[in-house]
Every structure is written in structure tokens, then in C-alpha cells.
$ cat target11.tsv   # TSV, C-alpha atoms and all ligand atoms
chain	number	residue	atom	x	y	z
F	27	MET	CA	85.87	199.86	-77.26
F	28	LYS	CA	82.28	200.86	-78.01
F	29	LYS	CA	81.23	199.67	-81.48
F	30	ARG	CA	80.13	202.11	-84.15
F	31	ARG	CA	76.44	201.64	-84.91
F	32	THR	CA	76.07	202.65	-88.56
F	33	VAL	CA	75.73	199.63	-90.84
F	34	ALA	CA	76.63	199.51	-94.54
F	35	ILE	CA	74.41	197.24	-96.60
F	36	LEU	CA	75.88	196.27	-99.93
F	37	GLY	CA	73.13	195.39	-102.41
F	38	ALA	CA	69.55	196.67	-102.63
F	39	GLY	CA	67.82	193.47	-103.70
F	40	MET	CA	65.35	191.67	-101.43
F	41	ALA	CA	68.06	190.47	-99.01
F	42	GLY	CA	69.61	193.93	-98.62
F	43	ALA	CA	66.22	195.62	-98.28
F	44	SER	CA	65.02	193.09	-95.73
F	45	ALA	CA	68.22	193.56	-93.70
F	46	ALA	CA	67.95	197.34	-93.93
F	47	ARG	CA	64.35	197.28	-92.67
F	48	VAL	CA	65.16	195.11	-89.62
F	49	LEU	CA	68.22	197.23	-88.74
F	50	ALA	CA	66.36	200.53	-89.16
F	51	ASP	CA	63.39	199.27	-87.12
F	52	ALA	CA	65.89	198.35	-84.36
F	53	GLY	CA	67.11	201.94	-84.36
F	54	LEU	CA	70.45	201.41	-86.13
F	55	PRO	CA	71.47	203.91	-88.83
F	56	VAL	CA	71.90	202.20	-92.22
F	57	GLN	CA	73.28	203.16	-95.59
F	58	VAL	CA	72.51	200.98	-98.61
F	59	PHE	CA	74.70	200.79	-101.72
F	60	ASP	CA	73.80	199.29	-105.10
F	61	LYS	CA	75.44	199.38	-108.50
F	62	GLY	CA	72.05	199.52	-110.23
F	63	ARG	CA	70.23	202.72	-111.10
F	64	ALA	CA	67.08	201.22	-109.56
F	65	VAL	CA	66.68	199.05	-106.47
F	66	GLY	CA	65.30	195.49	-106.55
F	67	GLY	CA	68.23	193.45	-107.87
F	68	ARG	CA	66.85	190.36	-109.61
F	69	MET	CA	63.32	191.59	-108.80
F	70	ALA	CA	63.73	193.81	-111.81
F	71	THR	CA	61.54	195.79	-114.17
F	72	ARG	CA	62.73	197.05	-117.56
F	73	ARG	CA	61.06	200.14	-118.98
F	74	SER	CA	61.49	201.19	-122.59
F	75	ALA	CA	59.27	203.97	-123.98
F	76	SER	CA	55.73	202.96	-122.94
F	77	LEU	CA	56.74	199.31	-122.44
F	78	GLN	CA	57.28	197.60	-119.11
F	79	PHE	CA	58.54	194.06	-118.39
F	80	ASP	CA	59.42	192.16	-115.24
F	81	HIS	CA	62.48	190.53	-116.80
F	82	GLY	CA	63.85	188.94	-113.62
F	83	ALA	CA	61.74	187.21	-110.97
F	84	GLN	CA	58.13	186.72	-112.09
F	85	PHE	CA	56.32	186.10	-108.82
F	86	MET	CA	56.82	185.21	-105.16
F	87	ARG	CA	55.29	182.65	-102.89
F	88	ALA	CA	55.53	182.07	-99.14
F	89	HIS	CA	56.53	178.75	-97.61
F	90	GLY	CA	57.24	180.03	-94.09
F	91	SER	CA	55.24	182.15	-91.68
F	92	ALA	CA	57.45	185.29	-91.68
F	93	PHE	CA	57.23	185.86	-95.42
F	94	ALA	CA	53.55	184.82	-95.45
F	95	ALA	CA	52.82	187.55	-92.90
F	96	ARG	CA	54.83	190.08	-94.90
F	97	LEU	CA	53.03	189.15	-98.15
F	98	ALA	CA	49.65	189.46	-96.41
F	99	ALA	CA	50.56	192.91	-95.05
F	100	TRP	CA	51.77	194.01	-98.50
F	101	GLU	CA	48.60	192.72	-100.09
F	102	ARG	CA	46.43	194.73	-97.69
F	103	ARG	CA	48.37	197.85	-98.73
F	104	GLY	CA	48.29	197.10	-102.48
F	105	ILE	CA	52.07	196.57	-102.74
F	106	VAL	CA	51.52	193.00	-104.00
F	107	ALA	CA	48.52	191.23	-105.51
F	108	PRO	CA	47.64	187.66	-106.50
F	109	TRP	CA	48.53	186.49	-110.01
F	110	ALA	CA	48.27	183.18	-111.85
F	111	GLY	CA	46.84	181.22	-108.89
F	112	ALA	CA	48.59	178.74	-106.57
F	113	GLY	CA	49.52	181.38	-103.98
F	114	ARG	CA	51.59	183.45	-106.41
F	115	ARG	CA	51.98	187.16	-105.68
F	116	VAL	CA	53.49	189.91	-107.81
F	117	GLY	CA	54.62	193.42	-106.93
F	118	VAL	CA	52.28	196.25	-108.02
F	119	PRO	CA	52.85	198.17	-110.27
F	120	ASP	CA	56.05	196.18	-110.85
F	121	MET	CA	58.28	193.59	-109.20
F	122	THR	CA	60.46	196.17	-107.48
F	123	ALA	CA	57.54	197.49	-105.37
F	124	PRO	CA	58.12	195.26	-102.29
F	125	VAL	CA	61.83	196.16	-102.18
F	126	ARG	CA	61.04	199.86	-102.55
F	127	ASP	CA	58.54	199.54	-99.72
F	128	LEU	CA	61.08	197.92	-97.36
F	129	LEU	CA	63.67	200.59	-98.12
F	130	GLY	CA	61.15	203.42	-97.62
F	131	ASP	CA	63.07	206.63	-97.07
F	132	LEU	CA	66.32	204.97	-95.96
F	133	SER	CA	69.55	206.28	-97.44
F	134	VAL	CA	70.25	204.42	-100.71
F	135	HIS	CA	73.32	205.15	-102.84
F	136	SER	CA	72.24	203.96	-106.30
F	137	ALA	CA	74.57	203.56	-109.29
F	138	THR	CA	77.40	203.00	-106.80
F	139	THR	CA	79.53	199.92	-107.49
F	140	ILE	CA	81.48	198.87	-104.43
F	141	THR	CA	84.90	197.65	-105.49
F	142	ARG	CA	86.68	197.19	-102.15
F	143	ILE	CA	86.02	197.08	-98.43
F	144	ARG	CA	88.73	197.85	-95.93
F	145	ARG	CA	89.03	197.95	-92.19
F	146	ASP	CA	90.87	200.74	-90.45
F	147	ASP	CA	91.15	201.39	-86.74
F	148	GLY	CA	88.20	199.11	-85.95
F	149	ALA	CA	85.85	200.65	-88.54
F	150	TRP	CA	84.83	199.69	-92.08
F	151	TYR	CA	85.27	201.84	-95.18
F	152	LEU	CA	83.94	201.18	-98.68
F	153	GLU	CA	85.55	202.21	-101.95
F	154	ASP	CA	83.41	202.61	-105.05
F	155	ALA	CA	84.17	202.48	-108.77
F	156	ALA	CA	84.41	206.28	-108.89
F	157	ALA	CA	87.14	206.13	-106.18
F	158	ALA	CA	84.88	207.69	-103.53
F	159	VAL	CA	85.26	206.38	-99.98
F	160	HIS	CA	82.26	205.79	-97.71
F	161	GLY	CA	82.42	205.25	-93.96
F	162	PRO	CA	83.15	204.71	-91.17
F	163	PHE	CA	80.75	201.82	-90.48
F	164	GLY	CA	80.46	199.50	-87.48
F	165	ALA	CA	79.42	196.54	-89.63
F	166	VAL	CA	79.14	195.58	-93.28
F	167	ALA	CA	76.47	193.29	-94.74
F	168	ILE	CA	77.21	192.01	-98.25
F	169	THR	CA	74.13	190.80	-100.11
F	170	PHE	CA	75.40	190.28	-103.68
F	171	PRO	CA	75.00	186.89	-105.38
F	172	ALA	CA	77.61	184.57	-103.81
F	173	PRO	CA	80.21	184.70	-106.65
F	174	GLN	CA	80.18	188.51	-106.55
F	175	SER	CA	80.32	188.51	-102.73
F	176	ALA	CA	83.28	186.10	-102.89
F	177	ALA	CA	85.07	188.33	-105.43
F	178	LEU	CA	84.65	191.42	-103.23
F	179	LEU	CA	85.90	189.52	-100.17
F	180	ASP	CA	88.88	187.99	-102.06
F	181	GLY	CA	89.91	191.34	-103.50
F	182	SER	CA	89.74	192.95	-100.07
F	183	GLY	CA	91.63	190.20	-98.23
F	184	TYR	CA	88.73	188.96	-96.04
F	185	ALA	CA	86.90	185.65	-95.95
F	186	LEU	CA	83.61	184.25	-94.76
F	187	PRO	CA	83.23	180.48	-94.62
F	188	ASP	CA	81.54	178.64	-97.46
F	189	VAL	CA	80.59	181.61	-99.68
F	190	GLY	CA	82.35	179.83	-102.54
F	191	ARG	CA	80.21	176.71	-102.05
F	192	ALA	CA	76.99	178.35	-103.26
F	193	ALA	CA	76.28	177.72	-106.96
F	194	PHE	CA	74.07	179.57	-109.44
F	195	ALA	CA	72.48	178.80	-112.80
F	196	PRO	CA	72.24	181.50	-115.48
F	197	CYS	CA	69.05	182.54	-117.27
F	198	TRP	CA	68.50	184.21	-120.62
F	199	SER	CA	65.38	186.37	-120.49
F	200	VAL	CA	63.74	187.78	-123.63
F	201	MET	CA	61.22	190.63	-123.50
F	202	VAL	CA	58.78	190.85	-126.41
F	203	ALA	CA	56.08	193.39	-127.25
F	204	ALA	CA	53.91	192.10	-130.07
F	205	GLU	CA	51.08	192.95	-132.39
F	206	GLY	CA	49.90	189.34	-132.51
F	207	ALA	CA	47.35	188.05	-130.02
F	208	SER	CA	48.23	186.04	-126.97
F	209	THR	CA	46.14	185.11	-123.97
F	210	GLY	CA	46.67	183.52	-120.56
F	211	ASP	CA	49.02	184.50	-117.75
F	212	LEU	CA	51.81	182.05	-117.03
F	213	ILE	CA	52.99	179.04	-119.01
F	214	GLU	CA	55.76	176.88	-117.57
F	215	PRO	CA	56.92	174.26	-120.10
F	216	HIS	CA	60.24	173.65	-118.26
F	217	GLU	CA	61.45	172.07	-121.48
F	218	ASP	CA	64.45	173.26	-123.53
F	219	PRO	CA	64.71	175.97	-124.52
F	220	ILE	CA	61.78	177.46	-122.55
F	221	ARG	CA	61.38	177.48	-118.81
F	222	LEU	CA	58.45	179.87	-118.71
F	223	ILE	CA	56.48	182.46	-120.61
F	224	ALA	CA	54.77	185.21	-118.60
F	225	LEU	CA	52.21	187.56	-120.09
F	226	ASP	CA	53.00	190.84	-118.49
F	227	ALA	CA	49.68	192.62	-119.09
F	228	SER	CA	47.87	189.83	-117.22
F	229	LYS	CA	49.59	190.99	-114.02
F	230	PRO	CA	47.68	193.45	-111.83
F	231	GLY	CA	48.40	197.15	-112.33
F	232	ARG	CA	50.27	196.73	-115.62
F	233	PRO	CA	49.68	198.63	-118.88
F	234	GLU	CA	47.57	196.94	-121.58
F	235	GLY	CA	49.17	195.23	-124.58
F	236	VAL	CA	50.76	191.98	-125.64
F	237	ARG	CA	54.05	191.84	-123.76
F	238	LEU	CA	55.76	188.58	-122.93
F	239	THR	CA	58.79	187.67	-120.90
F	240	ILE	CA	60.35	184.40	-122.01
F	241	HIS	CA	62.83	182.70	-119.68
F	242	ALA	CA	65.11	179.99	-121.00
F	243	THR	CA	65.86	176.85	-119.01
F	244	ALA	CA	69.08	176.77	-116.99
F	245	ALA	CA	70.61	174.09	-119.24
F	246	TRP	CA	69.88	176.01	-122.46
F	247	SER	CA	71.04	179.32	-120.92
F	248	ARG	CA	74.30	177.69	-119.87
F	249	ARG	CA	74.90	176.22	-123.34
F	250	HIS	CA	74.22	179.58	-125.02
F	251	LEU	CA	75.67	181.85	-122.34
F	252	GLU	CA	78.16	183.69	-124.55
F	253	GLU	CA	75.98	183.97	-127.67
F	254	PRO	CA	75.07	187.43	-128.98
F	255	ARG	CA	71.80	188.85	-127.69
F	256	ALA	CA	70.29	189.07	-131.19
F	257	SER	CA	70.66	185.35	-131.77
F	258	ILE	CA	69.24	184.51	-128.31
F	259	THR	CA	66.27	186.78	-129.02
F	260	GLY	CA	65.61	185.03	-132.34
F	261	SER	CA	65.86	181.51	-130.90
F	262	LEU	CA	63.60	182.12	-127.90
F	263	LEU	CA	61.06	184.12	-129.88
F	264	GLU	CA	60.76	181.32	-132.43
F	265	ALA	CA	60.44	178.72	-129.66
F	266	ALA	CA	57.73	180.78	-127.93
F	267	GLU	CA	55.75	181.11	-131.19
F	268	ARG	CA	55.99	177.34	-131.70
F	269	HIS	CA	54.85	176.74	-128.15
F	270	LEU	CA	52.00	179.25	-128.20
F	271	ARG	CA	51.06	178.35	-131.80
F	272	VAL	CA	50.78	182.02	-132.76
F	273	SER	CA	52.67	184.45	-134.92
F	274	LEU	CA	53.65	187.15	-132.44
F	275	ARG	CA	54.71	189.85	-134.95
F	276	PRO	CA	57.08	191.58	-132.49
F	277	ILE	CA	57.43	195.34	-132.39
F	278	TYR	CA	60.11	195.14	-129.67
F	279	ALA	CA	62.32	192.24	-128.61
F	280	GLU	CA	65.36	192.40	-126.37
F	281	ALA	CA	67.38	189.80	-124.47
F	282	HIS	CA	68.87	190.16	-121.01
F	283	ARG	CA	71.43	187.74	-119.59
F	284	TRP	CA	71.28	186.93	-115.89
F	285	ARG	CA	74.62	185.32	-115.19
F	286	TYR	CA	73.63	184.53	-111.61
F	287	ALA	CA	69.89	183.87	-111.79
F	288	GLN	CA	68.75	180.89	-109.78
F	289	VAL	CA	70.51	179.27	-106.83
F	290	GLU	CA	71.45	175.65	-107.59
F	291	THR	CA	73.34	174.96	-104.36
F	292	ALA	CA	72.38	176.87	-101.21
F	293	LEU	CA	74.45	176.85	-98.02
F	294	GLY	CA	71.62	175.75	-95.75
F	295	VAL	CA	72.41	178.45	-93.18
F	296	ALA	CA	70.39	181.63	-92.77
F	297	SER	CA	73.36	184.00	-93.07
F	298	LEU	CA	77.08	184.37	-92.36
F	299	TYR	CA	78.56	186.74	-89.77
F	300	ASP	CA	81.99	187.22	-88.24
F	301	ALA	CA	81.37	189.16	-85.02
F	302	ALA	CA	85.08	189.84	-84.49
F	303	LEU	CA	85.16	191.73	-87.79
F	304	GLY	CA	81.58	193.00	-87.97
F	305	LEU	CA	81.36	191.45	-91.42
F	306	GLY	CA	78.43	189.43	-92.75
F	307	ALA	CA	76.79	188.12	-95.90
F	308	ALA	CA	73.24	187.20	-96.84
F	309	GLY	CA	71.23	186.41	-99.94
F	310	ASP	CA	69.01	183.77	-101.50
F	311	TRP	CA	72.10	181.57	-101.85
F	312	CYS	CA	72.14	181.02	-98.09
F	313	LEU	CA	68.71	179.35	-98.02
F	314	GLY	CA	67.33	178.59	-101.49
F	315	ALA	CA	66.32	179.67	-104.98
F	316	ARG	CA	63.58	182.15	-104.29
F	317	ILE	CA	62.67	185.62	-103.10
F	318	GLU	CA	61.49	184.35	-99.74
F	319	ALA	CA	64.97	182.91	-99.06
F	320	ALA	CA	66.52	186.33	-99.74
F	321	TYR	CA	63.99	187.99	-97.44
F	322	ASP	CA	64.60	185.51	-94.60
F	323	SER	CA	68.37	185.56	-95.02
F	324	GLY	CA	68.62	189.36	-94.97
F	325	ALA	CA	66.43	189.55	-91.87
F	326	ALA	CA	68.48	186.84	-90.10
F	327	LEU	CA	71.75	188.66	-90.78
F	328	ALA	CA	70.27	191.94	-89.57
F	329	ARG	CA	69.08	190.38	-86.31
F	330	THR	CA	72.61	189.03	-85.70
F	331	ILE	CA	74.11	192.46	-86.37
F	332	VAL	CA	71.60	194.16	-84.06
F	333	ALA	CA	72.54	191.74	-81.28
F	334	ASP	CA	76.25	192.30	-81.96
F	335	LEU	CA	76.17	196.10	-82.15
F	336	ASN	CA	73.90	196.29	-79.12
F	337	GLY	CA	76.48	194.19	-77.27
F	338	ALA	CA	74.39	191.05	-76.81
F	339	ALA	CA	76.08	188.70	-79.30
R	1	LIG	C1	65.33	185.40	-114.49
R	1	LIG	C2	65.01	185.15	-113.04
R	1	LIG	C3	63.78	184.62	-112.67
R	1	LIG	C4	63.47	184.40	-111.33
R	1	LIG	N1	62.22	183.96	-111.00
R	1	LIG	C5	61.87	183.90	-109.70
R	1	LIG	C6	60.51	183.67	-109.32
R	1	LIG	O1	59.62	183.62	-110.17
R	1	LIG	N2	60.22	183.57	-107.99
R	1	LIG	C7	61.19	183.69	-107.02
R	1	LIG	O2	60.88	183.59	-105.83
R	1	LIG	N3	62.48	183.95	-107.36
R	1	LIG	C8	62.83	184.07	-108.65
R	1	LIG	N4	64.12	184.40	-109.01
R	1	LIG	C9	65.12	184.50	-107.94
R	1	LIG	C10	64.95	185.81	-107.15
R	1	LIG	O3	64.96	186.90	-108.04
R	1	LIG	C11	66.08	185.91	-106.14
R	1	LIG	O4	66.04	184.78	-105.29
R	1	LIG	C12	66.06	187.17	-105.25
R	1	LIG	O5	65.57	188.29	-105.95
R	1	LIG	C13	67.47	187.37	-104.75
R	1	LIG	O6	67.56	188.54	-103.95
R	1	LIG	P1	68.98	188.95	-103.32
R	1	LIG	O7	68.78	190.22	-102.60
R	1	LIG	O8	69.55	187.78	-102.59
R	1	LIG	O9	69.96	189.19	-104.58
R	1	LIG	P2	69.86	190.24	-105.76
R	1	LIG	O10	68.45	190.53	-106.11
R	1	LIG	O11	70.76	189.72	-106.84
R	1	LIG	O12	70.50	191.58	-105.14
R	1	LIG	C14	71.88	191.80	-105.09
R	1	LIG	C15	72.14	193.27	-105.39
R	1	LIG	O13	73.54	193.51	-105.27
R	1	LIG	C16	73.90	194.48	-106.24
R	1	LIG	N5	75.35	194.39	-106.49
R	1	LIG	C17	76.06	193.33	-106.98
R	1	LIG	N6	77.37	193.65	-107.02
R	1	LIG	C18	77.48	194.92	-106.57
R	1	LIG	C19	78.59	195.80	-106.33
R	1	LIG	N7	79.86	195.45	-106.58
R	1	LIG	N8	78.35	197.03	-105.80
R	1	LIG	C20	77.08	197.42	-105.50
R	1	LIG	N9	75.99	196.63	-105.70
R	1	LIG	C21	76.19	195.40	-106.21
R	1	LIG	C22	73.06	194.12	-107.45
R	1	LIG	O14	72.92	195.24	-108.32
R	1	LIG	C23	71.75	193.69	-106.81
R	1	LIG	O15	70.81	194.76	-106.76
R	1	LIG	C24	64.44	184.66	-110.32
R	1	LIG	C25	65.67	185.22	-110.70
R	1	LIG	C26	65.95	185.49	-112.03
R	1	LIG	C27	67.24	186.16	-112.41
$ encode --input "target11.tsv" --output "C-alpha cells"
Amino acid sequence: MKKRRTVAILGAGMAGASAARVLADAGLPVQVFDKGRAVGGRMATRRSASLQFDHGAQFMRAHGSAFAARLAAWERRGIVAPWAGAGRRVGVPDMTAPVRDLLGDLSVHSATTITRIRRDDGAWYLEDAAAAVHGPFGAVAITFPAPQSAALLDGSGYALPDVGRAAFAPCWSVMVAAEGASTGDLIEPHEDPIRLIALDASKPGRPEGVRLTIHATAAWSRRHLEEPRASITGSLLEAAERHLRVSLRPIYAEAHRWRYAQVETALGVASLYDAALGLGAAGDWCLGARIEAAYDSGAALARTIVADLNGAA
């Protein structure tokens, strides 16, 4: 039987966007689904009144040639720019910019939580939290963090090998806008409780003002995972003031918990795909704890799906 060609991509972070771009460039119709109101996943930007914070990933760097070429192309077009030396690049005007660029005008269903996938008569259908059904699709690419991918698979009665082997560390992130002075760009103590402090206004294309994002270490975040946000905000703010030796005098401070922040154990394979089912998974957790891994993994899965749906796999 001829395979359906439309592909459902679950997740609009870097892995999902990278997969969507490769599939679309190969001429396959794609539909992307994400539970968030905005795309980008952990490449996230919080806006509150006139304030703006990258409260997830702070920067990206290339280790391999594919992502290096992509970063260079983005830099030529002003989608990313250098920040804080050592090959670091940030999205402009925020960290979601590269993901938005990859998705372009592709069909993205935002604020759509996928709760179940099912297979019927050789085609895939998705159910969302509002009980709407999407499909049919010839293949499904799941790009959630591994524990969420595993939960979707378990609840739907399907399996992909090793998804459960990937492990993540959490991260508490505190966003602070302050009246006090603070200079510099990036400070990385990597010492409990602080992993890093990023000064948002030092990034290219950002509004002026003293705005900091403080990330806690994995160990501290794990120990304080279930604490109320107000107490996390207080602890990390105090630690940042001690570290910076300034009184920040905050006018806004808010904590965000990333339950699945950084990959601690990656699978060491580019992506997972079951050609008999037309079911695959990708994400940073396949290759490593960084944006480049998500980009490479999504692209690898998409190339496998292209080969499969074009009959070459
Ligand atoms: C605090 C923090 C700091 C970081 N710092 C850096 C850094 O400086 N440099 C770096 O390279 N990397 C950093 N990372 C890691 C980097 O953000 C990730 O490696 C990368 O963004 C992962 O992309 P992804 O597409 O694999 O996953 P994600 O970005 O997590 O995308 C998965 C998407 O799936 C969606 N989703 C989940 N469940 C559902 C559902 N049921 N239905 C629909 N959609 C769903 C989510 O909303 C999300 O958009 C950091 C991460 C965090 C959290």
C-alpha cells in the first residue's frame, strides 16, 4: 500500500523545528503541534509588561559542521548574533528566533497538548487535550523531552527502544528586573546554588535595563524541586547578590521550574524510528545536553522519514 506522506511533528522546540524544515524542504507536507502558546520549547523567552527574559537556554554553540553552517547562515541574516565570547551565539531579538525561522510559514498548532496517538487502518491520528482529533498522518515524530515522550508512548500502547534510558536534570530559573546596577554579560560560578547568571540587556537586540536570569545548579534544583516559587526566588536572589556583591533592589522577580532541563544521560544515537509503524522520536536526549544535539537529532529523524515515505528505507 502506498504510504501517506503528511507527517505530524509533536513538539515545536529545536528538534521539532529542525525536523519540520528538513521534511518540508524534501517536499513532504508537515503539521507541527505544541502545547505551548509560543514555539521554541526550552529555547524560551518570557515577556511581562516591558520586560523580556530568556529563561531557558542562554546561548548556543556549534561543535559539528552542520550546526556551524546553520549558525553562520543565521548570523548573516541577523537571526543570531555573538554574545559573551567563546563562540557563543544567541537568538535575536530573543532565543526563540532560530526556531521561528526554521518553522517559517509551516502549519503550527500552538496551545495544543497531544494526549494520545493511535493507529487506524495504516494511518496515524492524534488526540489533543480538548478531545479534537488530527490526522490522518503517514508518520509521527515525537520530539518531547524523553520522559514526556515515554509517557505518550506508554499511554498509547506503543514503544520505541531505550526512550526510558535518557535522564534529565531539573533547573530552577529566576528572572529579576532590578533598580540596582549590574554589569557584565555571563557569569558561570557552577557552584551551589548558582550555575549561571546572565545579564539579559547585554545580549544583542534586547531592551535596556538591569535584567538577570539566574539558573540554579542541577543538584540544588533537585534538592529544592518541590519548594514554592516564592522561596526559590528569595534564595537565588540572595545568592546572586552575594555573588555579584551588589544590592539588586528588584522591581520584578519570578521563578520558573524546568523539570526536564538538561540531559544527563543521552542515548548516543541520532534518533529512533520504527519504519513498520512510521513512528519516531528525536530530541537533545538522543545526542547530548545542548541545542545543537536537538538540531542534529531532529534533522536525522526527518531524513529517515523522508527515505521511508519516499520508499527508499
Ligand atoms: C534552564 C535551561 C538552560 C539551558 N541552557 C542551555 C544553553 O545555554 N545552551 C544549550 O545549548 N542548551 C541549553 N539548554 C538545553 C536546550 O534548551 C535544549 O537542549 C534544547 O532546547 C532541546 O530542544 P528539544 O526540541 O529537544 O526539546 P524542547 O525544547 O523541550 O521541545 C519539546 C517541545 O515539546 C512540547 N511538548 C511537550 N509535551 C507536549 C505535549 N503533550 N503536546 C504537545 N507539545 C508538547 C514542549 O512544549 C516543547 O516545546 C538549556 C535548557 C534549560 C531548560
$ atom_distance --input "target11.tsv" --atom1 "CA of His269 (chain F)" --atom2 "CA of Pro215 (chain F)"
8.7 Å
$ closest_residue --input "target11.tsv" --among "F:Ala34, F:Ala302, F:Ala242, F:Ala204" --to "Leu77 (chain F)" --atoms "all atoms listed in the file"
F:Ala204
$ residues_near_ligand --input "target11.tsv" --ligand "ligand LIG 1 (chain R)" --cutoff "6 Å" --atoms "all atoms listed in the file" --output "PDB file with C-alpha atoms, in the coordinates of the input"
ATOM      1  CA  LEU F  36      75.880 196.270 -99.930  1.00  0.00           C
ATOM      2  CA  GLY F  37      73.130 195.390-102.410  1.00  0.00           C
ATOM      3  CA  ALA F  38      69.550 196.670-102.630  1.00  0.00           C
ATOM      4  CA  GLY F  39      67.820 193.470-103.700  1.00  0.00           C
ATOM      5  CA  MET F  40      65.350 191.670-101.430  1.00  0.00           C
ATOM      6  CA  ALA F  41      68.060 190.470 -99.010  1.00  0.00           C
ATOM      7  CA  GLY F  42      69.610 193.930 -98.620  1.00  0.00           C
ATOM      8  CA  PHE F  59      74.700 200.790-101.720  1.00  0.00           C
ATOM      9  CA  ASP F  60      73.800 199.290-105.100  1.00  0.00           C
ATOM     10  CA  LYS F  61      75.440 199.380-108.500  1.00  0.00           C
ATOM     11  CA  GLY F  62      72.050 199.520-110.230  1.00  0.00           C
ATOM     12  CA  VAL F  65      66.680 199.050-106.470  1.00  0.00           C
ATOM     13  CA  GLY F  66      65.300 195.490-106.550  1.00  0.00           C
ATOM     14  CA  GLY F  67      68.230 193.450-107.870  1.00  0.00           C
ATOM     15  CA  ARG F  68      66.850 190.360-109.610  1.00  0.00           C
ATOM     16  CA  MET F  69      63.320 191.590-108.800  1.00  0.00           C
ATOM     17  CA  GLY F  82      63.850 188.940-113.620  1.00  0.00           C
ATOM     18  CA  ALA F  83      61.740 187.210-110.970  1.00  0.00           C
ATOM     19  CA  GLN F  84      58.130 186.720-112.090  1.00  0.00           C
ATOM     20  CA  PHE F  85      56.320 186.100-108.820  1.00  0.00           C
ATOM     21  CA  MET F  86      56.820 185.210-105.160  1.00  0.00           C
ATOM     22  CA  THR F 138      77.400 203.000-106.800  1.00  0.00           C
ATOM     23  CA  THR F 139      79.530 199.920-107.490  1.00  0.00           C
ATOM     24  CA  ILE F 140      81.480 198.870-104.430  1.00  0.00           C
ATOM     25  CA  THR F 141      84.900 197.650-105.490  1.00  0.00           C
ATOM     26  CA  THR F 169      74.130 190.800-100.110  1.00  0.00           C
ATOM     27  CA  PHE F 170      75.400 190.280-103.680  1.00  0.00           C
ATOM     28  CA  PRO F 171      75.000 186.890-105.380  1.00  0.00           C
ATOM     29  CA  GLN F 174      80.180 188.510-106.550  1.00  0.00           C
ATOM     30  CA  CYS F 197      69.050 182.540-117.270  1.00  0.00           C
ATOM     31  CA  TRP F 284      71.280 186.930-115.890  1.00  0.00           C
ATOM     32  CA  ALA F 287      69.890 183.870-111.790  1.00  0.00           C
ATOM     33  CA  GLN F 288      68.750 180.890-109.780  1.00  0.00           C
ATOM     34  CA  GLY F 309      71.230 186.410 -99.940  1.00  0.00           C
ATOM     35  CA  ASP F 310      69.010 183.770-101.500  1.00  0.00           C
ATOM     36  CA  ALA F 315      66.320 179.670-104.980  1.00  0.00           C
ATOM     37  CA  ARG F 316      63.580 182.150-104.290  1.00  0.00           C
ATOM     38  CA  ILE F 317      62.670 185.620-103.100  1.00  0.00           C
ATOM     39  CA  ALA F 320      66.520 186.330 -99.740  1.00  0.00           C
TER      40      ALA F 320
END
$ closest_residue --input "target11.tsv" --among "F:Glu205, F:Asp147, F:Glu318, F:Asp80" --to "Ala123 (chain F)" --atoms "all atoms listed in the file"
F:Asp80
$ residues_around --input "target11.tsv" --residues "Phe163 (chain F)" --least-positions-apart "2" --cutoff "6 Å" --atoms "all atoms listed in the file" --output "ChimeraX atom specification"
/F:32-33,149-150,161,165
$ write_last_selection --input "target11.tsv" --atoms "C-alpha atoms" --output "PDB file, in the coordinates of the input"
ATOM      1  CA  THR F  32      76.070 202.650 -88.560  1.00  0.00           C
ATOM      2  CA  VAL F  33      75.730 199.630 -90.840  1.00  0.00           C
ATOM      3  CA  ALA F 149      85.850 200.650 -88.540  1.00  0.00           C
ATOM      4  CA  TRP F 150      84.830 199.690 -92.080  1.00  0.00           C
ATOM      5  CA  GLY F 161      82.420 205.250 -93.960  1.00  0.00           C
ATOM      6  CA  ALA F 165      79.420 196.540 -89.630  1.00  0.00           C
TER       7      ALA F 165
END
$ closest_residue --input "target11.tsv" --among "F:Val166, F:Leu222, F:Leu128, F:Ala110" --to "Leu179 (chain F)" --atoms "only C-alpha atoms"
F:Val166
$ closest_residue --input "target11.tsv" --among "F:Ser76, F:Thr291, F:Thr122, F:Ser136" --to "Arg63 (chain F)" --atoms "all atoms listed in the file"
F:Ser136
$ closest_residue --input "target11.tsv" --among "F:Tyr321, F:Trp109, F:Trp311, F:Tyr299" --to "Ala167 (chain F)" --atoms "all atoms listed in the file"
F:Tyr299
$ atom_distance --input "target11.tsv" --atom1 "CA of Ser297 (chain F)" --atom2 "CA of Thr330 (chain F)"
9.0 Å
$ residues_around --input "target11.tsv" --residues "Arg283 (chain F)" --least-positions-apart "3" --cutoff "9 Å" --atoms "all atoms listed in the file" --output "MDAnalysis selection string"
chainID F and resid 196:200 247 251 255 286:287
$ atom_distance --input "target11.tsv" --atom1 "CA of Glu253 (chain F)" --atom2 "CA of Leu178 (chain F)"
27.0 Å
$ closest_residue --input "target11.tsv" --among "F:Ile168, F:Leu274, F:Ala98, F:Leu263" --to "Ala185 (chain F)" --atoms "all atoms listed in the file"
F:Ile168
$ residues_near_point --input "target11.tsv" --point "(67.8, 197.3, -131.0)" --cutoff "10 Å" --atoms "only C-alpha atoms" --output "NGL selection string"
:F and (255-256 or 278-281)
